[in-house]
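**Student:** Please find upload38.csv (CSV, C-alpha atoms) on the next line:
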```csv
chain,number,residue,atom,x,y,z
A,1,MET,CA,0.0,0.0,0.0
A,2,GLY,CA,1.1,3.6,-0.6
A,3,ILE,CA,0.3,7.1,0.6
A,4,ILE,CA,-3.3,8.3,0.6
A,5,VAL,CA,-4.2,12.0,1.3
A,6,GLN,CA,-7.7,12.4,2.8
A,7,LYS,CA,-9.3,15.8,3.1
A,8,PHE,CA,-12.4,16.5,5.3
A,9,GLY,CA,-14.4,19.7,5.0
A,10,GLY,CA,-15.9,21.8,7.8
A,11,SER,CA,-19.3,20.0,7.8
A,12,SER,CA,-17.5,16.7,8.2
A,13,VAL,CA,-15.7,17.7,11.4
A,14,ALA,CA,-18.3,20.1,12.8
A,15,ASP,CA,-18.7,18.5,16.2
A,16,LYS,CA,-17.4,15.7,18.5
A,17,GLU,CA,-19.6,13.0,16.9
A,18,LYS,CA,-18.4,13.9,13.4
A,19,LEU,CA,-14.8,14.0,14.5
A,20,TYR,CA,-15.1,10.4,15.7
A,21,ASN,CA,-16.8,9.5,12.4
A,22,VAL,CA,-13.9,11.0,10.5
A,23,ALA,CA,-11.4,9.2,12.8
A,24,ASN,CA,-13.0,5.9,11.9
A,25,ILE,CA,-12.7,6.6,8.2
A,26,ILE,CA,-9.0,7.4,8.7
A,27,THR,CA,-8.2,4.4,10.8
A,28,LYS,CA,-9.9,2.1,8.3
A,29,SER,CA,-7.5,3.3,5.6
A,30,TYR,CA,-4.6,3.2,8.0
A,31,ASP,CA,-5.4,-0.4,9.1
A,32,GLU,CA,-5.4,-1.5,5.5
A,33,GLY,CA,-1.7,-0.7,5.4
A,34,ASN,CA,-1.7,2.8,3.9
A,35,LYS,CA,0.3,5.7,5.1
A,36,VAL,CA,-2.3,8.4,5.7
A,37,VAL,CA,-2.0,12.1,5.5
A,38,VAL,CA,-5.1,14.1,6.5
A,39,VAL,CA,-6.0,17.7,5.6
A,40,VAL,CA,-8.9,19.4,7.5
A,41,SER,CA,-10.9,22.6,7.3
A,42,ALA,CA,-12.1,24.6,10.2
A,43,GLN,CA,-15.1,23.2,12.0
A,44,GLY,CA,-18.6,24.0,10.7
A,45,LYS,CA,-19.1,27.8,10.5
A,46,THR,CA,-15.9,28.6,12.5
A,47,THR,CA,-14.4,30.6,9.6
A,48,ASP,CA,-17.6,32.6,9.2
A,49,GLY,CA,-17.4,33.4,12.9
A,50,LEU,CA,-13.9,34.6,12.6
A,51,VAL,CA,-14.8,36.9,9.7
A,52,SER,CA,-17.6,38.3,11.8
A,53,LYS,CA,-15.1,39.0,14.6
A,54,ALA,CA,-12.9,41.0,12.2
A,55,LYS,CA,-15.9,43.0,11.0
A,56,GLU,CA,-16.7,43.9,14.6
A,57,ILE,CA,-13.4,45.8,14.5
A,58,THR,CA,-13.3,47.1,10.9
A,59,ASP,CA,-14.8,46.7,7.5
A,60,ASN,CA,-11.3,46.9,6.0
A,61,PRO,CA,-8.9,44.8,8.1
A,62,PHE,CA,-5.2,44.8,7.5
A,63,LYS,CA,-4.7,41.8,5.3
A,64,ARG,CA,-1.7,40.3,7.1
A,65,GLU,CA,-3.6,40.2,10.4
A,66,TYR,CA,-6.8,39.0,8.7
A,67,ASP,CA,-5.0,35.9,7.5
A,68,VAL,CA,-3.5,35.4,11.0
A,69,LEU,CA,-7.0,35.4,12.4
A,70,LEU,CA,-8.6,33.1,9.7
A,71,SER,CA,-5.8,30.5,9.9
A,72,THR,CA,-6.7,29.7,13.6
A,73,GLY,CA,-9.9,27.8,12.7
A,74,GLU,CA,-8.0,24.9,11.1
A,75,GLN,CA,-5.5,24.8,14.0
A,76,ILE,CA,-8.4,23.9,16.3
A,77,THR,CA,-9.5,21.1,14.1
A,78,ILE,CA,-6.1,19.4,13.7
A,79,SER,CA,-5.5,19.4,17.4
A,80,LEU,CA,-8.9,17.9,18.2
A,81,LEU,CA,-8.7,15.3,15.5
A,82,ALA,CA,-5.2,14.3,16.7
A,83,MET,CA,-6.6,13.9,20.2
A,84,VAL,CA,-9.4,11.7,19.0
A,85,LEU,CA,-7.0,9.4,17.1
A,86,ASN,CA,-4.6,9.2,19.9
A,87,LYS,CA,-7.4,8.3,22.3
A,88,MET,CA,-8.4,5.5,19.9
A,89,GLY,CA,-4.9,4.1,20.2
A,90,LYS,CA,-3.4,5.4,16.9
A,91,LYS,CA,-0.3,7.5,16.6
A,92,ALA,CA,-1.3,10.9,15.2
A,93,VAL,CA,0.5,14.2,15.0
A,94,SER,CA,-0.7,17.6,13.7
A,95,PHE,CA,1.0,20.4,11.8
A,96,THR,CA,0.0,23.9,10.8
A,97,GLY,CA,0.9,25.1,7.4
A,98,TRP,CA,3.8,27.1,8.7
A,99,GLN,CA,5.3,24.2,10.7
A,100,LEU,CA,6.0,22.1,7.6
A,101,PRO,CA,6.3,24.7,5.9
A,102,ILE,CA,3.9,25.2,3.0
A,103,ILE,CA,5.5,28.1,1.2
A,104,THR,CA,3.2,30.5,-0.7
A,105,ASP,CA,3.4,33.9,-2.4
A,106,ASN,CA,2.4,37.0,-0.3
A,107,ASN,CA,-1.1,37.6,-1.9
A,108,TYR,CA,-2.9,37.6,1.4
A,109,SER,CA,-6.4,35.8,1.5
A,110,ASN,CA,-5.8,34.3,-1.9
A,111,ALA,CA,-2.2,33.1,-1.8
A,112,LYS,CA,-0.8,30.4,-4.2
A,113,ILE,CA,1.4,27.5,-3.1
A,114,LYS,CA,4.9,27.7,-4.4
A,115,TYR,CA,6.6,24.8,-2.6
A,116,ILE,CA,5.8,22.2,0.2
A,117,ASP,CA,8.6,20.9,2.4
A,118,LYS,CA,7.6,17.2,2.7
A,119,SER,CA,10.5,16.1,5.0
A,120,ARG,CA,8.6,16.3,8.3
A,121,ILE,CA,5.6,14.5,6.8
A,122,LEU,CA,7.8,11.7,5.5
A,123,GLU,CA,9.6,11.4,8.8
A,124,LYS,CA,6.4,10.9,10.7
A,125,LEU,CA,4.9,8.6,8.1
A,126,ASN,CA,8.0,6.4,8.4
A,127,GLU,CA,7.4,6.3,12.1
A,128,ASP,CA,3.8,5.0,11.4
A,129,TYR,CA,2.1,8.2,12.4
A,130,ILE,CA,-1.1,9.5,10.9
A,131,VAL,CA,-0.2,13.0,9.9
A,132,ILE,CA,-2.9,15.7,10.2
A,133,ILE,CA,-2.3,19.0,8.4
A,134,ALA,CA,-4.2,22.3,8.6
A,135,GLY,CA,-5.7,23.2,5.2
A,136,PHE,CA,-6.2,26.6,3.7
A,137,GLN,CA,-3.0,28.1,5.0
A,138,GLY,CA,0.7,28.6,4.5
A,139,ILE,CA,3.6,31.0,5.0
A,140,ASP,CA,5.4,33.3,2.7
A,141,GLU,CA,9.1,33.8,2.3
A,142,ASN,CA,9.1,36.4,5.0
A,143,GLU,CA,7.4,34.1,7.5
A,144,ASN,CA,4.0,35.8,7.3
A,145,ILE,CA,1.0,33.5,7.7
A,146,THR,CA,-1.1,33.4,4.5
A,147,THR,CA,-4.4,31.8,3.5
A,148,LEU,CA,-5.4,30.3,0.2
A,149,GLY,CA,-8.9,31.7,-0.2
A,150,ARG,CA,-12.2,30.1,0.7
A,151,GLY,CA,-12.2,26.4,-0.2
A,152,GLY,CA,-8.4,26.4,-0.1
A,153,SER,CA,-8.2,23.2,2.0
A,154,ASP,CA,-9.0,21.3,-1.2
A,155,THR,CA,-6.0,22.9,-2.8
A,156,THR,CA,-3.8,22.1,0.2
A,157,ALA,CA,-4.8,18.4,-0.1
A,158,VAL,CA,-4.2,18.0,-3.8
A,159,ALA,CA,-0.9,19.9,-3.6
A,160,LEU,CA,0.2,17.6,-0.8
A,161,ALA,CA,-0.8,14.5,-2.8
A,162,ALA,CA,1.2,15.8,-5.8
A,163,THR,CA,4.2,16.6,-3.6
A,164,LEU,CA,4.1,13.2,-1.8
A,165,GLU,CA,3.3,11.3,-5.1
A,166,ALA,CA,0.3,9.8,-3.3
A,167,ASP,CA,-1.7,7.1,-4.8
A,168,ARG,CA,-4.8,9.2,-4.7
A,169,CYS,CA,-6.4,12.2,-3.0
A,170,GLU,CA,-9.8,11.6,-1.3
A,171,ILE,CA,-12.0,14.7,-0.8
A,172,TYR,CA,-14.7,13.9,1.8
A,173,THR,CA,-17.7,16.2,2.0
A,174,ASP,CA,-21.4,16.0,3.0
A,175,VAL,CA,-22.4,14.9,-0.5
A,176,ASP,CA,-21.7,11.6,-2.3
A,177,GLY,CA,-19.7,12.9,-5.2
A,178,VAL,CA,-20.3,15.2,-8.2
A,179,PHE,CA,-23.9,15.5,-9.5
A,180,LEU,CA,-25.2,16.8,-12.8
A,181,THR,CA,-26.4,19.8,-10.8
A,182,ASP,CA,-27.2,20.8,-7.3
A,183,PRO,CA,-29.3,18.1,-5.6
A,184,LYS,CA,-31.0,20.8,-3.5
A,185,ILE,CA,-32.5,22.1,-6.7
A,186,ILE,CA,-33.4,18.8,-8.4
A,187,LYS,CA,-34.3,15.8,-6.3
A,188,ASP,CA,-32.7,12.4,-7.4
A,189,VAL,CA,-30.4,14.1,-9.9
A,190,LYS,CA,-27.9,11.8,-11.5
A,191,LYS,CA,-24.5,11.3,-9.8
A,192,LEU,CA,-21.4,11.0,-12.0
A,193,ASP,CA,-19.1,8.1,-11.5
A,194,GLU,CA,-16.3,9.9,-13.4
A,195,ILE,CA,-15.6,13.4,-14.7
A,196,SER,CA,-12.7,14.9,-16.6
A,197,TYR,CA,-10.4,17.5,-15.1
A,198,GLU,CA,-11.4,19.9,-17.8
A,199,GLU,CA,-15.1,19.6,-17.0
A,200,MET,CA,-14.6,19.7,-13.3
A,201,LEU,CA,-12.5,22.8,-13.6
A,202,GLU,CA,-15.1,24.6,-15.6
A,203,LEU,CA,-17.9,23.6,-13.1
A,204,ALA,CA,-15.8,24.6,-10.1
A,205,THR,CA,-15.0,28.0,-11.7
A,206,ALA,CA,-18.7,28.4,-12.6
A,207,GLY,CA,-19.9,28.1,-9.1
A,208,ALA,CA,-20.2,24.4,-8.3
A,209,LYS,CA,-19.3,24.1,-4.6
A,210,VAL,CA,-17.9,20.5,-4.6
A,211,LEU,CA,-14.3,21.3,-5.3
A,212,HIS,CA,-12.0,24.4,-5.2
A,213,ASN,CA,-11.1,25.2,-8.8
A,214,ARG,CA,-7.4,25.6,-8.0
A,215,CYS,CA,-7.2,22.0,-6.6
A,216,VAL,CA,-8.5,20.7,-9.9
A,217,GLU,CA,-5.8,22.7,-11.8
A,218,ILE,CA,-3.1,21.1,-9.7
A,219,GLY,CA,-4.6,17.6,-10.1
A,220,LYS,CA,-4.6,18.0,-13.9
A,221,LYS,CA,-1.1,19.3,-14.0
A,222,ARG,CA,0.3,16.7,-11.7
A,223,ASP,CA,-2.0,13.8,-12.7
A,224,VAL,CA,-3.5,13.3,-9.3
A,225,ASP,CA,-6.6,11.2,-9.2
A,226,ILE,CA,-9.2,13.1,-7.0
A,227,ILE,CA,-12.0,11.1,-5.5
A,228,VAL,CA,-15.0,13.1,-4.1
A,229,LYS,CA,-16.8,11.0,-1.4
A,230,SER,CA,-19.3,11.4,1.4
A,231,SER,CA,-18.0,11.3,5.0
A,232,LEU,CA,-21.6,10.6,6.2
A,233,GLU,CA,-22.4,7.5,4.1
A,234,GLU,CA,-20.4,4.3,4.4
A,235,GLY,CA,-19.3,2.4,1.3
A,236,THR,CA,-20.4,5.0,-1.4
A,237,GLY,CA,-18.3,5.1,-4.5
A,238,GLY,CA,-18.2,8.8,-5.0
A,239,THR,CA,-16.9,10.5,-8.2
A,240,VAL,CA,-13.4,10.2,-9.6
A,241,VAL,CA,-11.9,13.3,-11.3
A,242,LYS,CA,-9.2,12.2,-13.7
A,243,HIS,CA,-7.9,12.2,-17.3
A,244,GLN,CA,-10.4,10.5,-19.6
A,245,ASP,CA,-10.0,9.2,-23.1
A,246,ASN,CA,-13.7,9.2,-24.2
A,247,LEU,CA,-14.2,12.9,-23.9
A,248,GLU,CA,-16.1,13.3,-27.1
A,249,ASP,CA,-18.7,10.8,-25.9
A,250,MET,CA,-19.6,13.1,-23.0
A,251,TYR,CA,-22.6,15.4,-23.9
A,252,ILE,CA,-23.3,17.5,-20.8
A,253,SER,CA,-21.6,16.8,-17.5
A,254,GLY,CA,-22.9,19.5,-15.3
A,255,ILE,CA,-25.1,22.6,-14.8
A,256,ALA,CA,-23.7,25.0,-12.2
A,257,LYS,CA,-25.2,28.0,-10.5
A,258,ASP,CA,-23.1,30.9,-9.2
A,259,ASN,CA,-24.8,33.5,-7.0
A,260,ASN,CA,-21.6,35.2,-6.0
A,261,ILE,CA,-21.3,37.6,-8.9
A,262,ALA,CA,-21.8,41.2,-9.6
A,263,ARG,CA,-22.0,42.9,-13.0
A,264,ILE,CA,-20.2,46.1,-13.7
A,265,THR,CA,-21.1,48.3,-16.7
A,266,ILE,CA,-18.8,51.2,-17.6
A,267,ILE,CA,-20.9,53.8,-19.5
A,268,GLY,CA,-19.7,55.9,-22.4
A,269,VAL,CA,-16.1,54.7,-22.8
A,270,GLU,CA,-14.3,56.7,-25.5
A,271,ASN,CA,-13.9,54.5,-28.6
A,272,LYS,CA,-10.1,55.0,-28.7
A,273,LEU,CA,-7.3,52.4,-29.0
A,274,GLY,CA,-6.1,51.2,-25.6
A,275,ARG,CA,-9.1,52.2,-23.5
A,276,THR,CA,-10.2,48.6,-22.8
A,277,TYR,CA,-6.6,47.7,-22.0
A,278,LYS,CA,-6.4,50.5,-19.4
A,279,ILE,CA,-9.6,49.3,-17.7
A,280,PHE,CA,-8.5,45.7,-17.2
A,281,ASP,CA,-4.9,46.6,-16.5
A,282,LEU,CA,-6.0,48.7,-13.5
A,283,LEU,CA,-8.1,45.8,-12.2
A,284,ALA,CA,-5.3,43.3,-12.7
A,285,LYS,CA,-2.9,45.3,-10.6
A,286,GLU,CA,-5.5,45.0,-7.8
A,287,ASN,CA,-5.7,41.2,-8.3
A,288,ILE,CA,-9.3,41.4,-9.3
A,289,ASN,CA,-10.3,38.5,-11.5
A,290,ILE,CA,-12.7,39.1,-14.4
A,291,ASP,CA,-15.2,36.5,-15.7
A,292,ILE,CA,-17.7,37.3,-18.5
A,293,ILE,CA,-16.8,40.4,-20.7
A,294,VAL,CA,-19.2,42.0,-23.2
A,295,GLN,CA,-18.0,44.8,-25.4
A,296,PRO,CA,-20.0,45.9,-28.5
A,297,ILE,CA,-18.2,46.6,-31.8
A,298,GLY,CA,-16.9,50.1,-31.6
A,299,GLU,CA,-18.6,51.9,-34.5
A,300,HIS,CA,-19.4,55.1,-32.6
A,301,PHE,CA,-17.6,57.6,-30.6
A,302,GLU,CA,-18.5,55.8,-27.3
A,303,LYS,CA,-19.2,52.3,-26.2
A,304,ASP,CA,-20.3,50.6,-23.0
A,305,ILE,CA,-18.3,47.7,-21.5
A,306,SER,CA,-19.8,45.1,-19.1
A,307,PHE,CA,-18.1,42.4,-17.1
A,308,THR,CA,-18.7,40.2,-14.1
A,309,ILE,CA,-16.6,39.8,-10.9
A,310,SER,CA,-17.1,38.1,-7.6
A,311,LYS,CA,-19.2,40.1,-5.1
A,312,GLU,CA,-16.3,40.3,-2.6
A,313,ASN,CA,-14.4,42.3,-5.2
A,314,LEU,CA,-17.3,44.7,-5.9
A,315,LYS,CA,-16.3,47.5,-3.5
A,316,LYS,CA,-12.6,47.5,-4.6
A,317,THR,CA,-13.6,47.4,-8.3
A,318,LEU,CA,-15.9,50.4,-8.0
A,319,GLU,CA,-13.2,52.3,-6.0
A,320,VAL,CA,-10.6,51.7,-8.7
A,321,LEU,CA,-12.9,52.5,-11.7
A,322,LYS,CA,-14.4,55.7,-10.2
A,323,LYS,CA,-11.0,56.9,-9.0
A,324,ASN,CA,-9.7,56.5,-12.6
A,325,ILE,CA,-12.8,57.4,-14.6
A,326,ASP,CA,-11.0,60.2,-16.4
A,327,ILE,CA,-8.0,58.0,-17.3
A,328,ILE,CA,-10.2,55.4,-18.8
A,329,GLY,CA,-12.3,58.0,-20.6
A,330,ALA,CA,-15.8,57.0,-19.3
A,331,LYS,CA,-18.9,58.9,-18.2
A,332,ASP,CA,-20.2,56.6,-15.4
A,333,VAL,CA,-19.8,53.2,-13.6
A,334,ARG,CA,-22.9,51.2,-12.7
A,335,TYR,CA,-23.4,47.8,-11.1
A,336,ARG,CA,-25.9,45.1,-10.3
A,337,GLU,CA,-25.8,42.4,-7.6
A,338,ASP,CA,-29.2,40.8,-8.3
A,339,LEU,CA,-28.0,38.5,-11.1
A,340,CYS,CA,-26.9,34.8,-11.2
A,341,LYS,CA,-24.7,32.9,-13.6
A,342,ILE,CA,-25.9,29.6,-15.0
A,343,SER,CA,-23.3,27.5,-16.7
A,344,VAL,CA,-23.7,24.3,-18.8
A,345,VAL,CA,-20.5,22.2,-19.1
A,346,GLY,CA,-19.5,19.2,-21.3
A,347,VAL,CA,-16.4,18.4,-23.3
A,348,GLY,CA,-18.5,16.8,-26.0
A,349,MET,CA,-20.5,20.0,-26.6
A,350,ILE,CA,-18.2,21.2,-29.3
A,351,ASN,CA,-19.1,18.2,-31.6
A,352,ASN,CA,-22.8,18.3,-30.9
A,353,PRO,CA,-24.6,21.2,-32.7
A,354,GLY,CA,-27.7,22.7,-31.2
A,355,ILE,CA,-26.7,22.7,-27.5
A,356,ALA,CA,-27.0,26.5,-27.2
A,357,ALA,CA,-30.3,26.5,-29.0
A,358,LYS,CA,-31.8,24.0,-26.6
A,359,ILE,CA,-30.5,26.0,-23.6
A,360,PHE,CA,-32.0,29.2,-24.9
A,361,GLU,CA,-35.2,27.4,-25.8
A,362,ALA,CA,-35.5,26.1,-22.2
A,363,LEU,CA,-35.1,29.6,-20.8
A,364,TYR,CA,-37.5,31.1,-23.3
A,365,GLU,CA,-40.2,28.5,-22.5
A,366,ASN,CA,-40.0,29.6,-18.8
A,367,ASN,CA,-40.0,33.3,-19.6
A,368,ILE,CA,-36.4,33.8,-18.3
A,369,ASN,CA,-34.5,36.7,-19.7
A,370,MET,CA,-30.8,36.5,-20.4
A,371,HIS,CA,-28.6,39.5,-19.6
A,372,MET,CA,-25.3,38.3,-20.8
A,373,ILE,CA,-24.0,35.2,-22.7
A,374,THR,CA,-20.5,33.8,-23.0
A,375,THR,CA,-19.3,30.5,-24.6
A,376,SER,CA,-16.2,28.4,-24.9
A,377,GLU,CA,-15.6,25.0,-26.5
A,378,ILE,CA,-17.0,23.2,-23.4
A,379,LYS,CA,-19.1,25.7,-21.6
A,380,ILE,CA,-22.0,28.1,-22.2
A,381,SER,CA,-22.8,30.6,-19.5
A,382,VAL,CA,-25.8,33.0,-19.2
A,383,LEU,CA,-26.7,35.7,-16.7
A,384,VAL,CA,-30.3,35.6,-15.4
A,385,ASN,CA,-32.2,37.4,-12.7
A,386,PHE,CA,-31.4,36.0,-9.2
A,387,GLU,CA,-35.0,35.0,-8.6
A,388,ASP,CA,-35.0,33.0,-11.8
A,389,ALA,CA,-31.8,31.0,-11.1
A,390,ASP,CA,-33.3,27.7,-9.7
A,391,ILE,CA,-36.0,27.6,-12.4
A,392,ALA,CA,-33.3,28.2,-15.0
A,393,VAL,CA,-31.2,25.2,-13.7
A,394,LYS,CA,-34.3,23.0,-13.6
A,395,SER,CA,-35.5,23.9,-17.0
A,396,ILE,CA,-32.1,23.3,-18.7
A,397,HIS,CA,-31.8,20.0,-16.8
A,398,ASP,CA,-35.2,18.8,-17.9
A,399,LYS,CA,-34.6,19.9,-21.5
A,400,PHE,CA,-31.6,17.6,-21.8
A,401,PHE,CA,-32.2,14.8,-19.3
A,402,LEU,CA,-36.0,14.1,-19.2
```
Turn the structure described in the file into structure tokens.
**Tutor:**
Amino acid sequence: MGIIVQKFGGSSVADKEKLYNVANIITKSYDEGNKVVVVVSAQGKTTDGLVSKAKEITDNPFKREYDVLLSTGEQITISLLAMVLNKMGKKAVSFTGWQLPIITDNNYSNAKIKYIDKSRILEKLNEDYIVIIAGFQGIDENENITTLGRGGSDTTAVALAATLEADRCEIYTDVDGVFLTDPKIIKDVKKLDEISYEEMLELATAGAKVLHNRCVEIGKKRDVDIIVKSSLEEGTGGTVVKHQDNLEDMYISGIAKDNNIARITIIGVENKLGRTYKIFDLLAKENINIDIIVQPIGEHFEKDISFTISKENLKKTLEVLKKNIDIIGAKDVRYREDLCKISVVGVGMINNPGIAAKIFEALYENNINMHMITTSEIKISVLVNFEDADIAVKSIHDKFFL
């Protein structure tokens, strides 16, 4: 047997009973002869509670101290889980991200992993310890604590699996794998046995909550098989995310909903060479990621440019654009937060004409207006009103699968 990395999310370790349940899953793998490395998130809503504590002090916390605060949630979980395992008679030891260390860049609250020192992990594995590591966190080259962004424990787990050349990375959550769409919207929706990295990455980026998009990127680059499983149901197979050869046979693999978006519209941008570049260069320097972009053909003296961002970047985006409105040559900046992005993903879509038409037909039949549309070879995304989002997902699902 080899090395297995197992990651447990916040809902899986939320209380004493669930900690013991997780410990049983871990010990089962350990007793089968595997060397086990465990990555955990903060318990339940702990991180949300820490965010609230920061907001009690300020709406704009100093980023370094904000990451110091948020990193404490995982430290609680690793210690408690190690105590449970030791009480059960297993040798277990916990490490924070900075104790290994996991080296990141210095982009606080959204840091990227640069390097993981695996020496302490291997030392303890060779001494037959179960190694428990705090997800979501690391340390930069100046020894400042950093965090990887919400959902970053998935990224920690897959990065560790790649570094340790583990046999697989098991991501345990409160659902039994990857479904065609959110089971909360459609009852008895089909669960996928397998999905390609490409499709899972698009779904994760489009708002599916199962996996962090950056962990899928690492899995694809380093060829790490990722298995999404339930920590609450014994013996379920889950979904395997891996390279697949029969990609053209896949029609649609998922429908994702993303509520965490805001649309920005820059009104009356001068139709001059370089104006669009200036807008997005200003935002890039603030590490603001852009998703959908719509710009009409510039046949007149002015044009409007619309794009979407995550809601947490709305305040900063508005500040940057309004501060530089003369530089970008625009009249006004407007925004909406009452929209939702619906994305349909499937690698086989490129070779199956009519997918877009069926999506638009489903929305038309349910009187759902589309505010923006974007397409790629394996994804079609539309912006709809927030109150229409669940109906949109269901109508598209029914159009293709009923």
**Student:** Which residue out of A:Thr205, A:Thr375, A:Ser71, A:Ser94 has the minimum interatomic distance to A:Ile139 when all atoms listed in the file are used?
**Tutor:** A:Ser71
**Student:** Suppose you want the space between atom CA of A:Ile4 and atom CA of A:Val36; what is it in Å?
**Tutor:**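 Between these atoms lies a distance of 5.2 Å.
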**Student:** Find the residue from A:Asn21, A:Asn351, A:Ser395, A:Ser79 that sits nearest to A:Asn366; use all atoms listed in the file when measuring.
**Tutor:**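 Distance minimum relative to A:Asn366 lands on A:Ser395.
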**Student:** Counting only C-alpha atoms, figure out which residue out of A:Ile355, A:Thr173, A:Asp398, A:Lys112 gets nearest to A:Lys190.
**Tutor:**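 Smallest separation from A:Lys190 among the options: A:Asp398.
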**Student:** Show me, as a VMD selection string, the residues that have an atom within 12 Å of stretch 26-29 of chain A when counting all atoms listed in the file, minus same-chain residues fewer than 6 positions from it.
**Tutor:** chain A and resid 1 to 8 19 to 20 35 to 39 81 to 82 84 to 86 88 to 92 129 to 132 170 172 231 234 to 235
**Student:** Just the number, please: distance in Å from atom CA of A:Thr155 to atom CA of A:Gly346, one decimal.
**Tutor:**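 These two atoms are separated by 23.2 Å.
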**Student:** Which one of A:Asp291, A:Asp390, A:Asp128, A:Glu74 sits closest to A:Val40 if you count all atoms listed in the file?
**Tutor:**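 The shortest atom-to-atom distance to A:Val40 comes from A:Glu74.
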**Student:** Measuring atom to atom with all atoms listed in the file, identify which of A:Leu100, A:Ile145, A:Ile25, A:Met370 is nearest to A:Lys63.
**Tutor:**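 For A:Lys63, the nearest of the given residues is A:Ile145.
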**Student:** Please report the interatomic distance between atom CA of A:Thr239 and atom CA of A:Ile195 in Å with one decimal.
**Tutor:** 7.2 Å
**Student:** Which is closer to A:Asp140 than all the others in A:Ser376, A:Asn367, A:Thr104, A:Ser52, using all atoms listed in the file?
**Tutor:**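 Smallest distance to A:Asp140 is found for A:Thr104.
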**Student:** Please return, as a ChimeraX atom specification, all polymer residues that have at least one atom within 9 Å of the point (-10.8, 20.4, -9.1); use all atoms listed in the file and the file's own coordinate frame.
**Tutor:** /A:154-155,158,197-198,200-204,210-220,226,241
**Student:** In the coordinate frame of the file, compute which residues have an atom within 9 Å of (1.9, 20.2, 2.4) when using all atoms listed in the file, and state them as a list in words.
**Tutor:** Val39, Gly97, Leu100, Pro101, Ile102, Ile103, Tyr115, Ile116, Asp117, Lys118, Ile121, Ile133, Ala134, Gly135, Gly138, Thr156, Ala157, Val158, Ala159, Leu160, Ala161, Thr163 and Leu164 of chain A
**Student:** Could you give me, as a Markdown table, a per-residue list for stretch 240-311 of chain A showing, wherever an atom lies at most 10 Å from an atom of stretch 331-340 of chain A, the closest pair of atoms and their distance in Å to one decimal, using all atoms listed in the file and sorting by chain then residue number from low to high?
**Tutor:**
```
| residue | atom | partner | partner_atom | distance |
| --- | --- | --- | --- | --- |
| A:Lys257 | CA | A:Cys340 | CA | 7.0 |
| A:Asp258 | CA | A:Cys340 | CA | 5.8 |
| A:Asn259 | CA | A:Cys340 | CA | 4.9 |
| A:Asn260 | CA | A:Cys340 | CA | 7.4 |
| A:Ile261 | CA | A:Cys340 | CA | 6.7 |
| A:Ala262 | CA | A:Glu337 | CA | 4.6 |
| A:Arg263 | CA | A:Arg336 | CA | 5.2 |
| A:Ile264 | CA | A:Tyr335 | CA | 4.5 |
| A:Thr265 | CA | A:Arg334 | CA | 5.3 |
| A:Ile266 | CA | A:Val333 | CA | 4.6 |
| A:Ile267 | CA | A:Asp332 | CA | 5.0 |
| A:Gly268 | CA | A:Lys331 | CA | 5.2 |
| A:Val269 | CA | A:Lys331 | CA | 6.8 |
| A:Glu270 | CA | A:Lys331 | CA | 8.9 |
| A:Glu302 | CA | A:Lys331 | CA | 9.6 |
| A:Asp304 | CA | A:Asp332 | CA | 9.7 |
| A:Ile305 | CA | A:Val333 | CA | 9.7 |
| A:Ser306 | CA | A:Tyr335 | CA | 9.2 |
| A:Phe307 | CA | A:Tyr335 | CA | 9.7 |
| A:Thr308 | CA | A:Tyr335 | CA | 9.4 |
| A:Ser310 | CA | A:Glu337 | CA | 9.7 |
| A:Lys311 | CA | A:Glu337 | CA | 7.4 |
```
**Student:** Can you list, as an MDAnalysis selection string, every protein, DNA or RNA residue that comes within 8 Å of A:Ile378 when you count all atoms listed in the file, leaving out same-chain residues fewer than 2 positions away?
**Tutor:** chainID A and resid 199 345:350 375:376 380
**Student:** Using only C-alpha atoms, which residues sit within 7 Å of stretch 371-373 of chain A once same-chain residues fewer than 6 positions away are excluded, as a VMD selection string?
**Tutor:** chain A and resid 381 to 384
**Student:** With C-alpha atoms retained, could you export that selection as a CSV table (one decimal), in the coordinates of the input?
**Tutor:**
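Written file, out.csv:
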```
chain,number,residue,atom,x,y,z
A,381,SER,CA,-22.8,30.6,-19.5
A,382,VAL,CA,-25.8,33.0,-19.2
A,383,LEU,CA,-26.7,35.7,-16.7
A,384,VAL,CA,-30.3,35.6,-15.4
```
